[in-house]
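Have a look at work-v7.pdb; it's PDB, C-alpha atoms:
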```pdb
ATOM      1  CA  MET A 165     -37.413  -6.337  16.498
ATOM      2  CA  LEU A 166     -34.312  -7.765  14.853
ATOM      3  CA  LYS A 167     -32.328  -4.685  15.849
ATOM      4  CA  LYS A 168     -33.538  -5.041  19.433
ATOM      5  CA  ASP A 169     -32.464  -8.710  19.523
ATOM      6  CA  SER A 170     -29.046  -7.893  18.074
ATOM      7  CA  ASN A 171     -28.591  -5.141  20.668
ATOM      8  CA  ASN A 172     -29.607  -7.613  23.355
ATOM      9  CA  ILE A 173     -27.060 -10.136  22.066
ATOM     10  CA  ASN A 174     -24.357  -7.471  21.945
ATOM     11  CA  SER A 175     -25.085  -6.322  25.493
ATOM     12  CA  THR A 176     -25.104  -9.931  26.690
ATOM     13  CA  SER A 177     -21.795 -10.698  24.985
ATOM     14  CA  ASP A 178     -20.318  -7.434  26.355
ATOM     15  CA  HIS A 179     -21.473  -8.478  29.805
ATOM     16  CA  LEU A 180     -19.847 -11.896  29.386
ATOM     17  CA  LEU A 181     -16.649 -10.356  28.063
ATOM     18  CA  GLU A 182     -16.473  -8.223  31.202
ATOM     19  CA  HIS A 183     -16.663 -11.394  33.262
ATOM     20  CA  LEU A 184     -13.958 -13.015  31.164
ATOM     21  CA  THR A 185     -11.591 -10.063  31.488
ATOM     22  CA  ASN A 186     -11.807 -10.235  35.264
ATOM     23  CA  ASN A 187      -9.822 -13.026  36.841
ATOM     24  CA  ALA A 188     -12.845 -14.395  38.626
ATOM     25  CA  ILE A 189     -15.737 -15.810  36.614
ATOM     26  CA  ASP A 190     -18.752 -17.210  38.344
ATOM     27  CA  ARG A 191     -20.235 -20.561  37.429
ATOM     28  CA  ASN A 192     -23.456 -19.126  36.014
ATOM     29  CA  ALA A 193     -21.636 -16.830  33.568
ATOM     30  CA  PHE A 194     -19.334 -19.662  32.518
ATOM     31  CA  LEU A 195     -22.267 -21.994  31.830
ATOM     32  CA  LYS A 196     -24.095 -19.302  29.847
ATOM     33  CA  LEU A 197     -20.999 -18.592  27.767
ATOM     34  CA  THR A 198     -20.437 -22.290  27.117
ATOM     35  CA  LEU A 199     -24.049 -22.820  26.092
ATOM     36  CA  LYS A 200     -24.075 -19.834  23.759
ATOM     37  CA  THR A 201     -20.738 -20.759  22.207
ATOM     38  CA  SER A 202     -21.737 -24.359  21.589
ATOM     39  CA  ALA A 203     -25.044 -23.244  20.061
ATOM     40  CA  LEU A 204     -23.237 -20.832  17.747
ATOM     41  CA  VAL A 205     -20.714 -23.479  16.699
ATOM     42  CA  TYR A 206     -23.508 -25.979  16.040
ATOM     43  CA  LEU A 207     -25.478 -23.500  13.950
ATOM     44  CA  ALA A 208     -22.388 -22.349  12.068
ATOM     45  CA  MET A 209     -21.425 -25.920  11.208
ATOM     46  CA  ASN A 210     -24.883 -26.759   9.917
ATOM     47  CA  VAL A 211     -25.374 -23.501   8.003
ATOM     48  CA  THR A 212     -21.972 -23.629   6.307
ATOM     49  CA  GLY A 213     -22.232 -27.322   5.486
ATOM     50  CA  CYS A 214     -19.364 -28.272   7.772
ATOM     51  CA  ASN A 215     -21.427 -30.959   9.442
ATOM     52  CA  LEU A 216     -19.117 -33.949   9.308
ATOM     53  CA  SER A 217     -21.699 -36.722   9.120
ATOM     54  CA  LYS A 218     -22.228 -38.038   5.632
ATOM     55  CA  LYS A 219     -25.614 -38.643   4.073
ATOM     56  CA  ALA A 220     -26.535 -42.319   4.044
ATOM     57  CA  PRO A 221     -26.555 -43.672   0.466
ATOM     58  CA  VAL A 222     -29.732 -45.691   1.105
ATOM     59  CA  ALA A 223     -33.177 -44.835   2.419
ATOM     60  CA  LEU A 224     -33.431 -45.512   6.133
ATOM     61  CA  LYS A 225     -36.518 -45.825   8.314
ATOM     62  CA  LYS A 226     -35.282 -44.016  11.398
ATOM     63  CA  LEU A 227     -31.536 -44.609  11.822
ATOM     64  CA  SER A 228     -29.555 -41.354  11.721
ATOM     65  CA  ASP A 229     -26.947 -40.736   9.042
ATOM     66  CA  GLN A 230     -24.253 -40.518  11.739
ATOM     67  CA  ASN A 231     -25.219 -43.905  13.196
ATOM     68  CA  TYR A 232     -25.293 -45.335   9.667
ATOM     69  CA  GLU A 233     -21.719 -44.117   9.155
ATOM     70  CA  ASN A 234     -20.660 -45.493  12.553
ATOM     71  CA  ILE A 235     -22.048 -48.985  11.986
ATOM     72  CA  THR A 236     -20.465 -48.981   8.524
ATOM     73  CA  ILE A 237     -17.072 -48.236  10.101
ATOM     74  CA  MET A 238     -17.572 -51.151  12.481
ATOM     75  CA  GLY A 239     -18.790 -53.407   9.681
ATOM     76  CA  ASN A 240     -15.806 -52.556   7.476
ATOM     77  CA  PHE A 241     -13.564 -54.039  10.165
ATOM     78  CA  PHE A 242     -15.614 -56.873  11.642
ATOM     79  CA  ILE A 243     -17.304 -58.330   8.549
ATOM     80  CA  LYS A 244     -14.997 -57.314   5.706
ATOM     81  CA  ASP A 245     -14.170 -60.951   4.876
ATOM     82  CA  MET A 246     -17.729 -62.284   5.048
ATOM     83  CA  PRO A 247     -18.932 -64.271   2.031
ATOM     84  CA  VAL A 248     -22.184 -62.299   1.770
ATOM     85  CA  GLN A 249     -22.240 -60.072  -1.309
ATOM     86  CA  ASN A 250     -23.887 -56.628  -1.285
ATOM     87  CA  PHE A 251     -24.632 -56.754   2.441
ATOM     88  CA  ASN A 252     -25.406 -53.319   3.856
ATOM     89  CA  ILE A 253     -24.874 -53.410   7.608
ATOM     90  CA  GLY A 254     -26.417 -49.956   8.066
ATOM     91  CA  GLN A 255     -29.659 -51.048   6.436
ATOM     92  CA  ALA A 256     -29.571 -54.265   8.457
ATOM     93  CA  LEU A 257     -29.313 -52.292  11.715
ATOM     94  CA  ASP A 258     -32.091 -49.945  10.623
ATOM     95  CA  GLU A 259     -34.335 -52.895   9.800
ATOM     96  CA  TYR A 260     -33.393 -54.671  13.047
ATOM     97  CA  LEU A 261     -34.219 -51.685  15.240
ATOM     98  CA  TYR A 262     -37.139 -50.134  13.369
ATOM     99  CA  GLY A 263     -38.552 -52.922  11.190
ATOM    100  CA  ALA A 264     -41.138 -54.080  13.723
ATOM    101  CA  LYS A 265     -44.226 -52.174  14.842
ATOM    102  CA  ASN A 266     -43.177 -52.204  18.499
ATOM    103  CA  PRO A 267     -40.010 -50.446  19.634
ATOM    104  CA  HIS A 268     -36.987 -52.680  20.116
ATOM    105  CA  PRO A 269     -36.347 -53.237  23.855
ATOM    106  CA  THR A 270     -32.573 -52.669  23.581
ATOM    107  CA  GLU A 271     -32.706 -49.837  21.034
ATOM    108  CA  LYS A 272     -31.144 -47.261  23.354
ATOM    109  CA  ALA A 273     -28.249 -49.529  24.362
ATOM    110  CA  ILE A 274     -27.533 -50.484  20.748
ATOM    111  CA  LEU A 275     -27.589 -46.843  19.617
ATOM    112  CA  GLU A 276     -25.219 -45.907  22.470
ATOM    113  CA  LEU A 277     -22.808 -48.621  21.326
ATOM    114  CA  VAL A 278     -23.102 -47.546  17.695
ATOM    115  CA  SER A 279     -22.465 -43.902  18.608
ATOM    116  CA  ILE A 280     -19.000 -44.609  20.057
ATOM    117  CA  PRO A 281     -17.011 -44.252  16.780
ATOM    118  CA  SER A 282     -18.092 -40.616  16.382
ATOM    119  CA  SER A 283     -18.181 -39.627  20.052
ATOM    120  CA  ILE A 284     -15.293 -37.442  21.197
ATOM    121  CA  LEU A 285     -16.099 -38.084  24.859
ATOM    122  CA  GLY A 286     -16.498 -41.803  24.245
ATOM    123  CA  MET A 287     -13.158 -42.016  22.460
ATOM    124  CA  LEU A 288     -11.489 -39.906  25.147
ATOM    125  CA  TYR A 289     -12.759 -42.244  27.851
ATOM    126  CA  ILE A 290     -12.163 -45.515  25.991
ATOM    127  CA  ASN A 291      -9.174 -44.751  23.775
ATOM    128  CA  LYS A 292      -7.579 -41.848  25.708
ATOM    129  CA  SER A 293      -7.627 -39.827  22.473
ATOM    130  CA  LEU A 294      -9.625 -36.902  21.104
ATOM    131  CA  ILE A 295      -9.556 -38.362  17.595
ATOM    132  CA  THR A 296     -12.740 -40.243  16.754
ATOM    133  CA  LEU A 297     -12.866 -43.297  14.511
ATOM    134  CA  THR A 298     -14.770 -41.249  11.939
ATOM    135  CA  HIS A 299     -11.691 -39.015  11.552
ATOM    136  CA  MET A 300      -9.150 -41.839  11.236
ATOM    137  CA  ASN A 301      -7.963 -43.479   8.045
ATOM    138  CA  ASP A 302      -8.560 -47.202   7.522
ATOM    139  CA  ALA A 303      -5.159 -48.271   8.869
ATOM    140  CA  GLU A 304      -5.637 -46.237  12.061
ATOM    141  CA  LYS A 305      -9.140 -47.654  12.544
ATOM    142  CA  GLU A 306      -7.821 -51.192  12.187
ATOM    143  CA  MET A 307      -4.976 -50.494  14.634
ATOM    144  CA  THR A 308      -7.482 -49.048  17.131
ATOM    145  CA  PHE A 309      -9.803 -52.061  16.907
ATOM    146  CA  LEU A 310      -6.857 -54.478  17.238
ATOM    147  CA  LYS A 311      -5.550 -52.490  20.217
ATOM    148  CA  TRP A 312      -8.950 -52.789  21.870
ATOM    149  CA  ARG A 313      -9.092 -56.522  21.147
ATOM    150  CA  ASN A 314      -5.667 -57.181  22.703
ATOM    151  CA  SER A 315      -5.928 -54.621  25.507
ATOM    152  CA  HIS A 316      -5.500 -55.325  29.203
ATOM    153  CA  ASP A 317      -8.241 -52.753  29.832
ATOM    154  CA  PRO A 318     -11.561 -54.586  30.316
ATOM    155  CA  LEU A 319     -13.493 -51.577  28.985
ATOM    156  CA  GLN A 320     -11.675 -51.638  25.628
ATOM    157  CA  ARG A 321     -12.021 -55.428  25.323
ATOM    158  CA  GLY A 322     -15.689 -55.201  26.302
ATOM    159  CA  ILE A 323     -16.481 -52.484  23.738
ATOM    160  CA  TYR A 324     -14.637 -54.474  21.070
ATOM    161  CA  THR A 325     -16.564 -57.639  21.949
ATOM    162  CA  LEU A 326     -19.938 -55.872  21.960
ATOM    163  CA  MET A 327     -19.262 -54.229  18.588
ATOM    164  CA  HIS A 328     -18.129 -57.555  17.126
ATOM    165  CA  LYS A 329     -21.176 -59.412  18.423
ATOM    166  CA  LEU A 330     -23.548 -56.715  17.132
ATOM    167  CA  CYS A 331     -22.022 -56.860  13.647
ATOM    168  CA  MET A 332     -22.067 -60.663  13.596
ATOM    169  CA  SER A 333     -25.685 -60.807  14.765
ATOM    170  CA  LEU A 334     -26.698 -58.421  11.971
ATOM    171  CA  VAL A 335     -24.898 -60.588   9.414
ATOM    172  CA  SER A 336     -26.381 -63.810  10.777
ATOM    173  CA  GLY A 337     -29.880 -62.413  10.240
ATOM    174  CA  ASN A 338     -29.174 -62.004   6.520
ATOM    175  CA  VAL A 339     -30.949 -64.556   4.290
ATOM    176  CA  ASP A 340     -27.946 -64.946   1.961
ATOM    177  CA  TYR A 341     -25.644 -65.673   4.892
ATOM    178  CA  GLN A 342     -28.102 -68.228   6.243
ATOM    179  CA  LYS A 343     -28.180 -69.954   2.842
ATOM    180  CA  TYR A 344     -24.370 -69.896   2.696
ATOM    181  CA  THR A 345     -24.056 -71.540   6.106
ATOM    182  CA  GLY A 346     -26.878 -73.990   5.424
ATOM    183  CA  ILE A 347     -29.028 -72.677   8.258
ATOM    184  CA  SER A 348     -32.578 -71.794   7.415
ATOM    185  CA  ILE A 349     -34.786 -69.896   9.840
TER     186      ILE A 349
END
```
Please rewrite the model in this file as structure tokens.
Amino acid sequence: MLKKDSNNINSTSDHLLEHLTNNAIDRNAFLKLTLKTSALVYLAMNVTGCNLSKKAPVALKKLSDQNYENITIMGNFFIKDMPVQNFNIGQALDEYLYGAKNPHPTEKAILELVSIPSSILGMLYINKSLITLTHMNDAEKEMTFLKWRNSHDPLQRGIYTLMHKLCMSLVSGNVDYQKYTGISI
């Protein structure tokens, strides 16, 4: 059966190569080729360990490792000078979204916002660059956030403001921060 599947794959790839060698390629063949190529790249990255998301250093309820890394990137910029010691913004987001029995009503919107630092399409649309925040060094990340803050583009200013408010709301829910500010909930 394995030999039959490999022959089927070879005949399919030969068929697609024929389409590629001709000047005209129909939409269906292009979509099939794109789907197969992206699936192969995804599998190859995961099998070889080239998956770029890092494993979260703490146990999380449901937040993905990639979203943990993304919120940490945002937290390293927005709350780096906060007086709260040992505050883990990734754990705070995980607890905020998945700590209650009922699903959080804005979970999807928050996860979309948190996914921006690692999204190539998001960065292309917002930052006009193919380089994601996860692939930048700290100085480049800071320059990008400052550019968004001072931008004339309402989308960049809006994303910056939403990220800042999310990080600050996660910090303000921390008991140590509440004690520091003298507010007790």
Q | Selection: 9 Å around segment 271-274 of chain A, all atoms listed in the file, excl. self and same-chain fewer than 4 positions, as a ChimeraX atom specification | A | /A:261-262,267,278-279,330
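If you measure from each of A:Val339, A:Ile235, A:Ile189, A:Met300 to Met287 of chain A using only C-alpha atoms, the closest one turns out to be A:Met300.
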Taking the file as shown, find all residues satisfying the PyMOL selection byres ((chain A and resi 286) around 12) and write them as a PDB file with C-alpha atoms, in the frame of the given file.
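The resulting file, result.pdb, is shown below:
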```pdb
ATOM      1  CA  GLU A 276     -25.219 -45.907  22.470  1.00  0.00           C
ATOM      2  CA  LEU A 277     -22.808 -48.621  21.326  1.00  0.00           C
ATOM      3  CA  VAL A 278     -23.102 -47.546  17.695  1.00  0.00           C
ATOM      4  CA  SER A 279     -22.465 -43.902  18.608  1.00  0.00           C
ATOM      5  CA  ILE A 280     -19.000 -44.609  20.057  1.00  0.00           C
ATOM      6  CA  PRO A 281     -17.011 -44.252  16.780  1.00  0.00           C
ATOM      7  CA  SER A 282     -18.092 -40.616  16.382  1.00  0.00           C
ATOM      8  CA  SER A 283     -18.181 -39.627  20.052  1.00  0.00           C
ATOM      9  CA  ILE A 284     -15.293 -37.442  21.197  1.00  0.00           C
ATOM     10  CA  LEU A 285     -16.099 -38.084  24.859  1.00  0.00           C
ATOM     11  CA  MET A 287     -13.158 -42.016  22.460  1.00  0.00           C
ATOM     12  CA  LEU A 288     -11.489 -39.906  25.147  1.00  0.00           C
ATOM     13  CA  TYR A 289     -12.759 -42.244  27.851  1.00  0.00           C
ATOM     14  CA  ILE A 290     -12.163 -45.515  25.991  1.00  0.00           C
ATOM     15  CA  ASN A 291      -9.174 -44.751  23.775  1.00  0.00           C
ATOM     16  CA  LYS A 292      -7.579 -41.848  25.708  1.00  0.00           C
ATOM     17  CA  SER A 293      -7.627 -39.827  22.473  1.00  0.00           C
ATOM     18  CA  LEU A 294      -9.625 -36.902  21.104  1.00  0.00           C
ATOM     19  CA  ILE A 295      -9.556 -38.362  17.595  1.00  0.00           C
ATOM     20  CA  THR A 296     -12.740 -40.243  16.754  1.00  0.00           C
ATOM     21  CA  LEU A 297     -12.866 -43.297  14.511  1.00  0.00           C
ATOM     22  CA  LEU A 319     -13.493 -51.577  28.985  1.00  0.00           C
ATOM     23  CA  GLN A 320     -11.675 -51.638  25.628  1.00  0.00           C
ATOM     24  CA  ILE A 323     -16.481 -52.484  23.738  1.00  0.00           C
TER      25      ILE A 323
END
```
Fill in: Exercise: segment 241-255 of chain A partners within 7 Å, only C-alpha atoms, chain neighbours under 2 positions left out, as number ranges by chain
A: 224, 232, 235-239, 257-259, 306, 328, 331, 334, 340-341
What is the atom CA of Lys226 of chain A-atom CA of His299 of chain A distance in Å, reported with one decimal?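 Straight-line distance from atom CA of Lys226 of chain A to atom CA of His299 of chain A works out to 24.1 Å.
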A straight line from atom CA of Ala303 of chain A to atom CA of Asp317 of chain A spans 21.7 Å
Atom CA of His268 of chain A sits from atom CA of Lys343 of chain A at a separation of 26.0 Å
